[in-house]
>>> print(open('run_24.cif').read())   # mmCIF, C-alpha atoms and all ligand atoms
data_final
loop_
_atom_site.label_atom_id
_atom_site.label_comp_id
_atom_site.auth_asym_id
_atom_site.auth_seq_id
_atom_site.Cartn_x
_atom_site.Cartn_y
_atom_site.Cartn_z
CA MET A 1 -15.18 -14.49 -5.69
CA LYS A 2 -14.06 -12.63 -2.60
CA THR A 3 -10.43 -11.51 -2.46
CA ILE A 4 -8.92 -11.19 0.98
CA ALA A 5 -5.86 -8.97 0.91
CA VAL A 6 -2.94 -9.83 3.16
CA ASP A 7 -0.94 -6.73 3.99
CA ILE A 8 2.82 -6.54 4.47
CA ALA A 9 3.77 -7.95 7.90
CA ASP A 10 0.45 -9.76 8.19
CA LEU A 11 -0.99 -13.26 7.80
CA LYS A 12 -4.46 -14.60 7.10
CA VAL A 13 -6.20 -17.94 6.77
CA SER A 14 -9.44 -18.70 4.97
CA SER A 15 -11.77 -21.67 4.65
CA ASP A 16 -14.29 -19.89 2.43
CA PRO A 17 -14.23 -21.77 -0.90
CA ASP A 18 -15.48 -18.64 -2.63
CA SER A 19 -12.43 -16.64 -1.61
CA ALA A 20 -8.84 -16.07 -2.62
CA LEU A 21 -6.04 -14.76 -0.44
CA VAL A 22 -3.96 -12.17 -2.27
CA THR A 23 -0.84 -10.26 -1.40
CA TYR A 24 0.60 -7.48 -3.51
CA ALA A 25 4.07 -6.32 -4.40
CA LEU A 26 6.37 -8.86 -2.80
CA GLY A 27 9.81 -7.41 -3.38
CA SER A 28 12.43 -8.60 -0.93
CA CYS A 29 9.57 -9.73 1.30
CA ILE A 30 8.46 -13.34 1.11
CA GLY A 31 5.02 -14.87 0.81
CA VAL A 32 4.48 -18.38 2.18
CA MET A 33 1.28 -20.10 1.09
CA LEU A 34 -0.11 -23.15 2.91
CA TYR A 35 -2.99 -25.25 1.62
CA GLU A 36 -4.82 -28.24 3.09
CA PRO A 37 -6.44 -30.00 0.11
CA ASN A 38 -8.67 -32.31 2.21
CA LEU A 39 -10.21 -29.50 4.24
CA ARG A 40 -9.78 -26.80 1.58
CA ILE A 41 -8.22 -24.33 3.96
CA GLY A 42 -5.52 -21.91 2.93
CA GLY A 43 -3.18 -19.55 4.71
CA LEU A 44 -0.79 -16.83 3.55
CA ILE A 45 1.87 -14.76 5.28
CA HIS A 46 3.66 -11.73 3.80
CA TYR A 47 6.69 -11.30 6.03
CA MET A 48 9.16 -8.48 5.67
CA LEU A 49 12.32 -9.35 7.60
CA PRO A 50 14.21 -12.45 8.71
CA LEU A 51 14.70 -12.25 12.48
CA SER A 52 12.46 -11.04 15.28
CA SER A 53 15.50 -10.37 17.48
CA LEU A 54 15.85 -7.12 15.47
CA ASN A 55 13.13 -5.45 17.51
CA ALA A 56 11.37 -7.23 20.36
CA GLU A 57 8.55 -4.71 20.58
CA LYS A 58 7.68 -5.01 16.88
CA ALA A 59 7.90 -8.77 17.11
CA ARG A 60 5.29 -8.69 19.88
CA ASP A 61 2.94 -6.25 18.08
CA LYS A 62 3.33 -7.74 14.62
CA PRO A 63 4.80 -11.24 14.73
CA ALA A 64 4.05 -11.65 11.00
CA MET A 65 6.68 -9.00 10.28
CA PHE A 66 9.46 -11.57 10.79
CA ALA A 67 10.09 -15.04 9.35
CA ASP A 68 11.04 -16.69 12.63
CA SER A 69 7.99 -15.44 14.53
CA GLY A 70 5.47 -15.26 11.66
CA VAL A 71 5.92 -18.53 9.78
CA PRO A 72 5.44 -20.74 12.88
CA LEU A 73 2.35 -18.66 13.69
CA LEU A 74 0.95 -19.35 10.21
CA PHE A 75 1.40 -23.10 10.69
CA GLU A 76 -0.22 -22.91 14.14
CA SER A 77 -3.18 -20.98 12.72
CA MET A 78 -3.68 -23.79 10.20
CA TYR A 79 -3.35 -26.52 12.86
CA ARG A 80 -5.94 -24.75 14.98
CA LEU A 81 -8.41 -25.22 12.13
CA GLY A 82 -7.67 -28.94 12.10
CA CYS A 83 -5.08 -29.03 9.31
CA LYS A 84 -2.47 -31.77 9.43
CA LYS A 85 1.14 -30.86 8.78
CA GLU A 86 1.73 -33.83 6.46
CA ASN A 87 -1.16 -32.73 4.24
CA LEU A 88 -0.05 -29.12 3.80
CA VAL A 89 0.99 -28.03 0.32
CA VAL A 90 3.67 -25.39 0.83
CA THR A 91 4.60 -22.77 -1.77
CA VAL A 92 6.95 -19.81 -1.53
CA ALA A 93 7.26 -16.59 -3.54
CA GLY A 94 9.26 -13.36 -3.33
CA GLY A 95 12.69 -12.71 -1.87
CA GLY A 96 13.72 -10.48 -4.77
CA GLN A 97 16.89 -8.44 -4.85
CA LEU A 98 17.85 -4.99 -6.02
CA GLN A 99 20.92 -4.81 -8.23
CA ASP A 100 23.53 -4.34 -5.55
CA LYS A 101 26.91 -5.89 -6.19
CA ASP A 102 28.10 -5.52 -2.60
CA GLY A 103 25.12 -7.30 -1.14
CA VAL A 104 24.33 -4.67 1.51
CA PHE A 105 20.75 -4.83 0.26
CA ASN A 106 20.47 -8.59 0.60
CA ILE A 107 17.28 -8.58 2.69
CA GLY A 108 15.57 -10.82 0.11
CA LYS A 109 18.29 -13.43 0.33
CA ARG A 110 18.38 -13.27 4.13
CA ASN A 111 14.60 -13.67 4.18
CA TYR A 112 14.91 -16.80 2.05
CA THR A 113 17.85 -18.34 3.93
CA ILE A 114 16.10 -18.16 7.27
CA LEU A 115 12.97 -19.73 5.78
CA ARG A 116 14.93 -22.68 4.38
CA LYS A 117 16.53 -23.16 7.78
CA LEU A 118 13.14 -23.10 9.52
CA PHE A 119 11.71 -25.59 7.05
CA TRP A 120 14.73 -27.86 7.26
CA LYS A 121 14.64 -27.92 11.06
CA ASN A 122 10.94 -28.76 11.05
CA GLY A 123 10.93 -31.17 8.14
CA VAL A 124 8.70 -29.03 5.91
CA MET A 125 8.80 -29.80 2.18
CA VAL A 126 8.24 -27.06 -0.36
CA THR A 127 6.11 -28.10 -3.34
CA ALA A 128 6.94 -25.13 -5.57
CA GLU A 129 8.61 -21.77 -5.31
CA ASP A 130 9.32 -18.65 -7.32
CA VAL A 131 12.01 -16.65 -5.55
CA GLY A 132 14.84 -14.21 -6.20
CA GLY A 133 15.59 -12.06 -9.22
CA ASP A 134 15.02 -8.33 -9.56
CA VAL A 135 11.26 -8.59 -9.86
CA SER A 136 8.21 -7.78 -7.79
CA ARG A 137 5.44 -10.39 -7.42
CA THR A 138 1.77 -10.50 -6.57
CA VAL A 139 0.35 -13.84 -5.38
CA TRP A 140 -3.15 -15.34 -5.27
CA LEU A 141 -4.12 -18.48 -3.37
CA TYR A 142 -7.55 -19.80 -4.38
CA ILE A 143 -9.21 -21.56 -1.47
CA ALA A 144 -11.47 -23.83 -3.54
CA THR A 145 -8.58 -25.48 -5.38
CA GLY A 146 -5.35 -24.43 -3.70
CA ARG A 147 -4.21 -22.97 -6.98
CA VAL A 148 -1.38 -20.46 -6.56
CA VAL A 149 -0.98 -17.80 -9.24
CA ILE A 150 1.91 -15.38 -9.47
CA ARG A 151 1.83 -12.16 -11.43
CA SER A 152 5.15 -10.53 -12.20
CA GLN A 153 6.14 -8.06 -14.91
CA GLY A 154 2.71 -8.23 -16.49
CA LYS A 155 2.66 -12.04 -16.78
CA GLU A 156 0.60 -14.51 -14.79
CA VAL A 157 1.93 -17.99 -14.06
CA ASP A 158 0.48 -20.93 -12.14
CA LEU A 159 2.91 -21.95 -9.43
CA CYS A 160 0.87 -24.89 -8.21
CA SER A 161 -2.66 -26.32 -8.54
CA PRO A 162 -3.23 -29.25 -6.16
CA LEU A 163 -6.95 -29.78 -6.90
CA ARG A 164 -9.09 -29.73 -10.03
CA PRO A 165 -11.91 -27.23 -9.88
CA SER A 166 -15.03 -29.10 -8.77
CA MET B 1 9.15 11.35 -31.10
CA PHE B 2 9.34 14.15 -28.58
CA SER B 3 12.26 16.47 -28.20
CA VAL B 4 13.77 16.89 -24.76
CA GLU B 5 12.82 20.57 -24.99
CA THR B 6 9.15 19.70 -25.49
CA ILE B 7 9.23 17.49 -22.42
CA LEU B 8 11.07 20.00 -20.26
CA LYS B 9 8.75 22.80 -21.38
CA SER B 10 5.71 20.78 -20.34
CA VAL B 11 6.62 21.17 -16.67
CA THR B 12 4.64 24.39 -16.84
CA SER B 13 1.50 22.24 -17.05
CA LEU B 14 2.00 21.19 -13.41
CA PRO B 15 0.38 23.40 -10.81
CA THR B 16 2.80 25.22 -8.56
CA LEU B 17 3.43 24.34 -4.95
CA PRO B 18 1.61 26.78 -2.66
CA VAL B 19 3.57 29.72 -1.31
CA ALA B 20 2.74 28.60 2.23
CA LEU B 21 4.98 25.59 1.83
CA THR B 22 8.05 27.54 0.74
CA ARG B 23 7.48 29.95 3.60
CA LEU B 24 7.12 27.13 6.15
CA THR B 25 10.27 25.42 4.89
CA GLU B 26 12.13 28.68 5.39
CA LEU B 27 10.75 29.06 8.90
CA ALA B 28 11.81 25.52 9.74
CA ARG B 29 15.40 26.41 8.89
CA ASP B 30 15.28 29.59 10.93
CA ASP B 31 16.32 29.08 14.56
CA GLN B 32 14.65 32.36 15.53
CA ALA B 33 11.24 31.33 14.25
CA GLU B 34 8.46 31.06 16.84
CA PRO B 35 5.39 28.81 16.70
CA ALA B 36 3.36 31.97 16.16
CA ASP B 37 5.19 32.56 12.87
CA PHE B 38 4.08 29.14 11.67
CA VAL B 39 0.51 29.77 12.75
CA ARG B 40 0.39 33.02 10.74
CA VAL B 41 1.43 31.24 7.54
CA ILE B 42 -0.87 28.25 8.01
CA ARG B 43 -3.95 30.42 8.57
CA HIS B 44 -3.72 31.52 4.94
CA ASP B 45 -3.85 27.99 3.57
CA ALA B 46 -7.17 26.32 4.28
CA ALA B 47 -6.14 22.87 3.05
CA VAL B 48 -2.97 22.79 5.12
CA ALA B 49 -4.86 24.04 8.16
CA ALA B 50 -7.57 21.40 7.74
CA ASN B 51 -5.03 18.60 7.43
CA LEU B 52 -3.17 19.80 10.48
CA LEU B 53 -6.31 19.72 12.60
CA ARG B 54 -7.29 16.30 11.30
CA VAL B 55 -3.91 14.82 12.16
CA ALA B 56 -3.80 16.51 15.56
CA ASN B 57 -7.16 14.90 16.34
CA SER B 58 -6.25 11.51 14.90
CA ALA B 59 -5.52 8.41 16.93
CA LEU B 60 -1.80 9.20 16.57
CA PHE B 61 -2.06 11.73 19.39
CA HIS B 62 -4.12 10.82 22.38
CA VAL B 63 -5.69 14.16 23.14
CA ALA B 64 -8.36 14.46 25.81
CA ASN B 65 -10.20 17.37 24.21
CA PRO B 66 -10.49 17.96 20.49
CA VAL B 67 -7.90 20.29 19.02
CA THR B 68 -9.76 23.16 17.40
CA SER B 69 -7.21 25.91 16.80
CA ILE B 70 -4.12 26.10 14.60
CA GLU B 71 -2.17 27.32 17.65
CA GLN B 72 -3.01 24.18 19.62
CA ALA B 73 -2.22 21.96 16.65
CA VAL B 74 1.19 23.59 16.09
CA ASN B 75 2.06 23.29 19.78
CA LEU B 76 0.94 19.68 19.90
CA LEU B 77 2.63 18.50 16.73
CA GLY B 78 5.80 20.54 16.91
CA THR B 79 7.10 22.66 14.07
CA ARG B 80 8.95 19.84 12.34
CA ARG B 81 5.84 17.69 12.03
CA VAL B 82 3.89 20.75 10.91
CA VAL B 83 6.24 21.36 8.00
CA GLU B 84 6.10 17.69 7.04
CA LEU B 85 2.32 17.73 7.08
CA ALA B 86 2.14 20.93 5.11
CA THR B 87 4.49 19.47 2.51
CA GLY B 88 2.34 16.40 2.30
CA ALA B 89 -0.89 18.38 2.04
CA SER B 90 0.47 20.65 -0.69
CA PHE B 91 2.08 17.83 -2.61
CA GLY B 92 -0.96 15.58 -2.31
CA ARG B 93 -3.10 18.18 -4.01
CA ILE B 94 -1.03 18.34 -7.17
CA ILE B 95 -0.80 14.60 -7.83
CA PRO B 96 -3.08 13.70 -10.74
CA LYS B 97 -5.53 10.82 -10.32
CA VAL B 98 -3.61 8.50 -12.60
CA LEU B 99 0.00 8.49 -13.63
CA PRO B 100 0.17 7.23 -17.18
CA GLY B 101 3.27 5.37 -18.29
CA TYR B 102 4.26 4.03 -14.88
CA ASP B 103 1.35 1.64 -14.25
CA MET B 104 0.82 3.41 -10.99
CA THR B 105 -2.19 4.91 -9.26
CA ALA B 106 -2.05 8.25 -7.48
CA GLU B 107 -2.17 6.35 -4.19
CA GLY B 108 0.68 4.09 -5.28
CA TYR B 109 2.79 7.07 -6.23
CA TRP B 110 1.97 8.89 -3.01
CA THR B 111 2.72 5.82 -0.91
CA HIS B 112 6.10 5.43 -2.61
CA CYS B 113 7.01 9.08 -1.97
CA ALA B 114 5.80 8.84 1.63
CA ALA B 115 7.81 5.64 2.15
CA VAL B 116 11.01 7.22 0.82
CA ALA B 117 10.43 10.28 3.02
CA ILE B 118 9.81 8.23 6.17
CA LEU B 119 12.50 5.61 5.57
CA GLY B 120 15.02 8.36 4.73
CA GLU B 121 14.12 10.24 7.88
CA GLN B 122 14.39 7.07 9.96
CA LEU B 123 17.79 6.16 8.49
CA ALA B 124 19.00 9.72 9.04
CA SER B 125 18.10 9.68 12.71
CA SER B 126 19.49 6.21 13.33
CA LEU B 127 22.77 7.12 11.61
CA GLY B 128 22.71 10.50 13.34
CA ASN B 129 24.36 12.27 10.44
CA ALA B 130 21.91 14.53 8.66
CA ALA B 131 18.93 16.77 9.33
CA PRO B 132 16.08 14.23 9.29
CA ASP B 133 13.43 16.78 8.28
CA ALA B 134 15.45 17.83 5.23
CA VAL B 135 15.68 14.19 4.19
CA PHE B 136 11.92 13.87 4.65
CA THR B 137 11.17 16.68 2.19
CA CYS B 138 13.75 15.44 -0.31
CA GLY B 139 12.32 11.96 -0.11
CA LEU B 140 8.79 13.16 -0.61
CA LEU B 141 9.70 15.11 -3.75
CA HIS B 142 12.46 12.92 -5.26
CA ASP B 143 10.30 11.42 -8.05
CA ILE B 144 8.45 14.63 -8.90
CA GLY B 145 9.70 14.32 -12.51
CA LYS B 146 7.50 11.24 -12.97
CA LEU B 147 4.41 13.45 -12.77
CA VAL B 148 5.52 15.10 -16.02
CA LEU B 149 7.36 12.29 -17.76
CA GLY B 150 4.57 9.71 -17.41
CA THR B 151 2.46 11.31 -20.14
CA PHE B 152 5.30 11.00 -22.64
CA LEU B 153 6.33 7.57 -21.47
CA MET B 154 2.84 6.24 -22.11
CA GLN B 155 3.14 7.07 -25.79
CA VAL B 156 6.33 5.07 -26.24
CA SER B 157 5.54 2.15 -23.95
CA GLY B 158 6.31 -0.49 -26.58
CA GLU B 159 9.71 1.06 -27.08
CA ILE B 160 10.33 1.23 -23.32
CA GLN B 161 9.42 -2.43 -22.92
CA ARG B 162 11.95 -3.34 -25.62
CA GLN B 163 14.60 -1.12 -24.04
CA LEU B 164 14.03 -2.60 -20.59
CA HIS B 165 15.45 -5.92 -21.72
CA GLY B 166 18.77 -4.38 -22.68
CA ALA B 167 18.88 -1.52 -20.21
CA THR B 168 20.46 -1.75 -16.78
CA SER B 169 17.66 0.20 -15.13
CA PHE B 170 14.27 1.76 -15.71
CA LEU B 171 15.90 5.19 -15.62
CA GLU B 172 18.19 4.19 -18.45
CA ALA B 173 15.21 2.88 -20.39
CA GLU B 174 13.53 6.30 -20.00
CA ARG B 175 16.65 7.94 -21.33
CA LEU B 176 16.96 5.57 -24.28
CA ALA B 177 13.33 6.02 -25.25
CA LEU B 178 12.84 9.73 -24.55
CA GLY B 179 16.31 11.29 -24.39
CA THR B 180 15.72 12.39 -20.81
CA ASP B 181 14.70 10.82 -17.50
CA HIS B 182 12.53 11.64 -14.49
CA ALA B 183 15.53 12.95 -12.54
CA GLU B 184 16.33 15.58 -15.17
CA VAL B 185 12.69 16.51 -15.63
CA GLY B 186 12.33 16.67 -11.85
CA VAL B 187 15.09 19.26 -11.68
CA ALA B 188 13.14 21.39 -14.16
CA VAL B 189 10.07 21.12 -11.93
CA ALA B 190 12.15 22.00 -8.86
CA ALA B 191 13.54 25.05 -10.62
CA ARG B 192 10.05 26.19 -11.50
CA TRP B 193 8.91 25.70 -7.91
CA GLN B 194 12.08 27.36 -6.57
CA LEU B 195 12.77 24.48 -4.22
CA PRO B 196 15.84 24.76 -1.95
CA PRO B 197 19.23 23.36 -3.15
CA PRO B 198 19.23 20.08 -1.15
CA VAL B 199 15.89 19.12 -2.70
CA VAL B 200 17.12 19.94 -6.21
CA CYS B 201 20.26 17.89 -5.58
CA ALA B 202 18.31 14.92 -4.26
CA ILE B 203 15.98 14.99 -7.26
CA ARG B 204 18.84 15.24 -9.74
CA SER B 205 21.07 12.55 -8.24
CA HIS B 206 18.80 10.10 -6.43
CA HIS B 207 19.61 7.35 -8.93
CA ALA B 208 23.31 8.26 -9.20
CA PRO B 209 24.22 9.67 -5.79
CA SER B 210 27.97 9.75 -6.46
CA THR B 211 27.40 12.52 -9.01
CA ALA B 212 25.86 14.87 -6.43
CA GLU B 213 27.32 18.38 -6.51
CA SER B 214 26.50 19.09 -2.86
CA ASP B 215 24.41 17.79 0.06
CA GLN B 216 26.04 14.36 -0.35
CA THR B 217 24.58 12.78 2.78
CA VAL B 218 21.01 13.80 1.99
CA VAL B 219 21.36 12.52 -1.58
CA ASP B 220 22.84 9.21 -0.36
CA LEU B 221 20.02 8.76 2.15
CA VAL B 222 17.34 9.40 -0.47
CA HIS B 223 19.05 6.93 -2.82
CA VAL B 224 19.12 4.22 -0.17
CA ALA B 225 15.60 4.95 1.10
CA ASP B 226 14.32 4.80 -2.50
CA GLY B 227 15.88 1.36 -2.98
CA LEU B 228 14.56 0.17 0.35
CA ALA B 229 11.05 1.41 -0.46
CA HIS B 230 11.09 -0.55 -3.73
CA ALA B 231 12.46 -3.64 -2.00
CA LEU B 232 9.63 -3.48 0.54
CA GLY B 233 7.01 -3.19 -2.17
CA PHE B 234 6.19 0.49 -1.64
CA GLY B 235 6.37 1.79 -5.15
CA ALA B 236 6.15 -1.15 -7.44
CA ASP B 237 6.01 0.51 -10.83
CA ARG B 238 6.82 -1.17 -14.09
CA GLY B 239 10.51 -1.07 -13.21
CA GLY B 240 10.08 -3.69 -10.47
CA LEU B 241 13.29 -4.10 -8.52
CA ALA B 242 15.38 -3.39 -11.63
CA ARG B 243 17.41 -0.60 -10.11
CA THR B 244 21.12 -0.38 -9.44
CA MET B 245 22.24 0.52 -5.94
CA ASP B 246 25.38 2.65 -5.66
CA SER B 247 27.71 0.88 -3.26
CA LYS B 248 29.66 4.11 -2.68
CA ALA B 249 26.55 5.72 -1.19
CA MET B 250 26.19 2.92 1.32
CA ALA B 251 29.91 3.03 2.14
CA ARG B 252 29.78 6.80 2.66
CA LEU B 253 26.86 6.37 5.06
CA GLY B 254 28.54 3.40 6.73
CA LEU B 255 25.34 1.45 6.36
CA ARG B 256 24.84 -2.19 7.37
CA VAL B 257 22.00 -4.48 6.43
CA HIS B 258 20.66 -4.62 9.99
CA GLN B 259 20.24 -0.84 9.97
CA LEU B 260 18.17 -1.10 6.79
CA GLU B 261 16.07 -3.79 8.41
CA GLU B 262 15.61 -1.78 11.58
CA ALA B 263 14.57 1.32 9.63
CA ALA B 264 12.06 -0.82 7.74
CA ALA B 265 10.62 -2.28 10.95
CA LEU B 266 10.33 1.13 12.63
CA SER B 267 8.86 2.91 9.60
CA LEU B 268 6.08 0.55 8.61
CA ASP B 269 3.33 2.03 10.79
CA SER B 270 4.15 5.62 9.80
CA ILE B 271 4.15 4.68 6.11
CA HIS B 272 0.73 3.08 6.45
CA GLY B 273 -0.50 6.10 8.40
CA MET B 274 0.68 8.55 5.78
CA ALA B 275 -0.65 6.42 2.92
CA GLU B 276 -4.08 6.31 4.54
CA TRP B 277 -4.04 9.97 5.18
CA PHE B 278 -3.75 10.61 1.44
CA SER B 279 -6.81 8.54 0.60
CA GLN B 280 -8.79 10.54 3.18
CA SER B 281 -7.56 13.93 2.00
CA ASP B 282 -8.54 15.62 -1.22
CA GLY B 283 -5.24 14.52 -2.74
CA GLY B 284 -5.42 13.01 -6.18
CA LYS B 285 -8.83 14.47 -6.85
CA PRO B 286 -9.17 17.04 -9.61
FE FE A 301 13.36 7.89 -9.15
FE FE A 302 11.57 6.62 -6.28
#
>>> encode(input="run_24.cif", output="structure tokens", more="lines below")
Ligand SMILES: [Fe+2]
Ligand SMILES: [Fe+2]
Amino acid sequence: MKTIAVDIADLKVSSDPDSALVTYALGSCIGVMLYEPNLRIGGLIHYMLPLSSLNAEKARDKPAMFADSGVPLLFESMYRLGCKKENLVVTVAGGGQLQDKDGVFNIGKRNYTILRKLFWKNGVMVTAEDVGGDVSRTVWLYIATGRVVIRSQGKEVDLCSPLRPS
Amino acid sequence: MFSVETILKSVTSLPTLPVALTRLTELARDDQAEPADFVRVIRHDAAVAANLLRVANSALFHVANPVTSIEQAVNLLGTRRVVELATGASFGRIIPKVLPGYDMTAEGYWTHCAAVAILGEQLASSLGNAAPDAVFTCGLLHDIGKLVLGTFLMQVSGEIQRQLHGATSFLEAERLALGTDHAEVGVAVAARWQLPPPVVCAIRSHHAPSTAESDQTVVDLVHVADGLAHALGFGADRGGLARTMDSKAMARLGLRVHQLEEAAALSLDSIHGMAEWFSQSDGGKP
């Protein structure tokens, strides 16, 4: 099994059934996982901030840094490989929060809010999600089965497993 | 069980920071200091000199001809960058390969410290209210106590795990399990290394910035940068995001969420650069 690491502010797609996309230490950042069960293609983005209007230059260099520039790019990358929107299994993880009663540090929540808006506007349904809380998460997306595993605080949990291992 | 004295005494097991670093930090604060003064100090520290040349020749600076002398490197990088690099080189060398008790690799620890240094520096310059290079050094050294405390923490990990459920933060869990925490132990290390007062203050109060005795702005910036680093996933230790942010620190700095986001966006490349630089250097190796 090959693991393909997706860095912060980056996105990757894979059609290699012997691979898994993995992204480490999602804190307030959010990971969006897309999977096409018919074609067995998966994609993962690890975005850091909600809006690309924050810094136009960064948005150009690293569109995957922001939700509003990165998430559409992830969908397009999947479409380019022949995936159909209606077949995509969508899962979401991350968006954690530090303990901050004034909410100055609400990047995680802002990251999540903008994603929900994007999905709502484009009619995207989320199959499963694990978001919020004061925890850090690591996520695996197995290309052969679309299984999504989340490790947080020493525990591993299956978020979603669309296909049985063949 | 360990007594607090045993833990505090064990700081002597850490190697000392090289003299060159203390000398360079002094020069950086001295308006009269010339580049030549920096060159003289660096010549005596082979590791610092080597790192300086490597960075000067890296892709970061587009130099036509390779930089071969310390003089050229100092002129190219500027004295502030030189001090930052020297701090990094010296600090990198004393980090052990693994940090028991925190579920963290040497690289993970280094990346966290680098992230706090860079984010703190970035926030300082965007707020325009503190010496950014001072914040950099404080950020880099803020968790120095973890290098000592980890060994003890490892031996009570079951206890810590139990405490974490009731405790408000990982720091409090350390205190409940060991009677001290990495901030207090860090101050003992700083005293042994004779680090300047702002660094000592930042180490002591980075989790409770409102208790700072002086250098309030620097302490506040390190506190915020530390939180931001954890939020961004640079420094995921067993504590996760379980850390309490002091709202007074953010009010004192007049900080808004978009400034945090901007600092994060602008710092990412530098954090990656500094993290990589550690894995290439001899840092973390015995
Ligand atoms: Fe700390
Ligand atoms: Fe820290």
>>> closest_residue(input="run_24.cif", among="B:Gly186, B:Leu176, B:Gly108, B:Thr137", to="chain A", atoms="all atoms listed in the file")
B:Gly108
>>> closest_residue(input="run_24.cif", among="B:Leu17, B:Ala36, B:Val222, B:Ala73", to="Gly88 (chain B)", atoms="only C-alpha atoms")
B:Leu17
>>> atom_distance(input="run_24.cif", atom1="CA of Asn106 (chain A)", atom2="CA of Ser28 (chain A)")
8.2 Å
>>> residues_near_ligand(input="run_24.cif", ligand="ligand FE 302 (chain A)", cutoff="8 Å", atoms="only C-alpha atoms and all ligand atoms", output="VMD selection string")
chain B and resid 112 to 113 116 142 to 143 226 to 227 229 to 230 235
>>> residues_near_ligand(input="run_24.cif", ligand="ligand FE 301 (chain A)", cutoff="9 Å", atoms="all atoms listed in the file", output="list in words")
His142, Asp143, Ile144, Gly145, Lys146, Leu171, Asp181, His182, Ala183, Ile203, His206, His207, His223 and Asp226 of chain B
>>> closest_residue(input="run_24.cif", among="A:Ile107, A:Leu49, A:Val22, A:Leu88", to="Thr127 (chain A)", atoms="all atoms listed in the file")
A:Leu88
>>> interface_residues(input="run_24.cif", of="chain A", to="chain B", cutoff="7 Å", atoms="only C-alpha atoms", output="list of chain:residue names")
A:Ala25, A:Leu26, A:Gly27, A:Ser28, A:Cys29, A:Leu49, A:Leu54, A:Gln97, A:Leu98, A:Gln99, A:Asp100, A:Asp102, A:Val104, A:Phe105, A:Asp134, A:Val135, A:Ser136, A:Gln153
>>> write_last_selection(input="run_24.cif", atoms="C-alpha atoms", output="short mmCIF file (atom, residue, chain, number, x, y, z; two decimals), in the coordinates of the input")
data_model
loop_
_atom_site.label_atom_id
_atom_site.label_comp_id
_atom_site.auth_asym_id
_atom_site.auth_seq_id
_atom_site.Cartn_x
_atom_site.Cartn_y
_atom_site.Cartn_z
CA ALA A 25 4.07 -6.32 -4.40
CA LEU A 26 6.37 -8.86 -2.80
CA GLY A 27 9.81 -7.41 -3.38
CA SER A 28 12.43 -8.60 -0.93
CA CYS A 29 9.57 -9.73 1.30
CA LEU A 49 12.32 -9.35 7.60
CA LEU A 54 15.85 -7.12 15.47
CA GLN A 97 16.89 -8.44 -4.85
CA LEU A 98 17.85 -4.99 -6.02
CA GLN A 99 20.92 -4.81 -8.23
CA ASP A 100 23.53 -4.34 -5.55
CA ASP A 102 28.10 -5.52 -2.60
CA VAL A 104 24.33 -4.67 1.51
CA PHE A 105 20.75 -4.83 0.26
CA ASP A 134 15.02 -8.33 -9.56
CA VAL A 135 11.26 -8.59 -9.86
CA SER A 136 8.21 -7.78 -7.79
CA GLN A 153 6.14 -8.06 -14.91
#
>>> residues_near_point(input="run_24.cif", point="(15.1, 9.3, -22.2)", cutoff="12 Å", atoms="all atoms listed in the file", output="JSON, numbers by chain")
{"B": [1, 2, 3, 4, 5, 7, 8, 149, 150, 152, 153, 156, 159, 160, 163, 167, 169, 170, 171, 172, 173, 174, 175, 176, 177, 178, 179, 180, 181, 182, 183, 184, 185]}
>>> residues_around(input="run_24.cif", residues="region 67-79 of chain A", least_positions_apart="5", cutoff="8 Å", atoms="only C-alpha atoms", output="mmCIF file with C-alpha atoms, in the coordinates of the input")
data_model
loop_
_atom_site.group_PDB
_atom_site.id
_atom_site.type_symbol
_atom_site.label_atom_id
_atom_site.label_comp_id
_atom_site.auth_asym_id
_atom_site.auth_seq_id
_atom_site.Cartn_x
_atom_site.Cartn_y
_atom_site.Cartn_z
ATOM 1 C CA LEU A 11 -0.990 -13.260 7.800
ATOM 2 C CA LYS A 12 -4.460 -14.600 7.100
ATOM 3 C CA VAL A 13 -6.200 -17.940 6.770
ATOM 4 C CA VAL A 32 4.480 -18.380 2.180
ATOM 5 C CA LEU A 34 -0.110 -23.150 2.910
ATOM 6 C CA ILE A 41 -8.220 -24.330 3.960
ATOM 7 C CA GLY A 42 -5.520 -21.910 2.930
ATOM 8 C CA GLY A 43 -3.180 -19.550 4.710
ATOM 9 C CA LEU A 44 -0.790 -16.830 3.550
ATOM 10 C CA ILE A 45 1.870 -14.760 5.280
ATOM 11 C CA TYR A 47 6.690 -11.300 6.030
ATOM 12 C CA MET A 48 9.160 -8.480 5.670
ATOM 13 C CA LEU A 49 12.320 -9.350 7.600
ATOM 14 C CA PRO A 50 14.210 -12.450 8.710
ATOM 15 C CA LEU A 51 14.700 -12.250 12.480
ATOM 16 C CA SER A 52 12.460 -11.040 15.280
ATOM 17 C CA ALA A 59 7.900 -8.770 17.110
ATOM 18 C CA LYS A 84 -2.470 -31.770 9.430
ATOM 19 C CA LYS A 85 1.140 -30.860 8.780
ATOM 20 C CA ASN A 111 14.600 -13.670 4.180
ATOM 21 C CA ILE A 114 16.100 -18.160 7.270
ATOM 22 C CA LEU A 115 12.970 -19.730 5.780
ATOM 23 C CA LEU A 118 13.140 -23.100 9.520
#
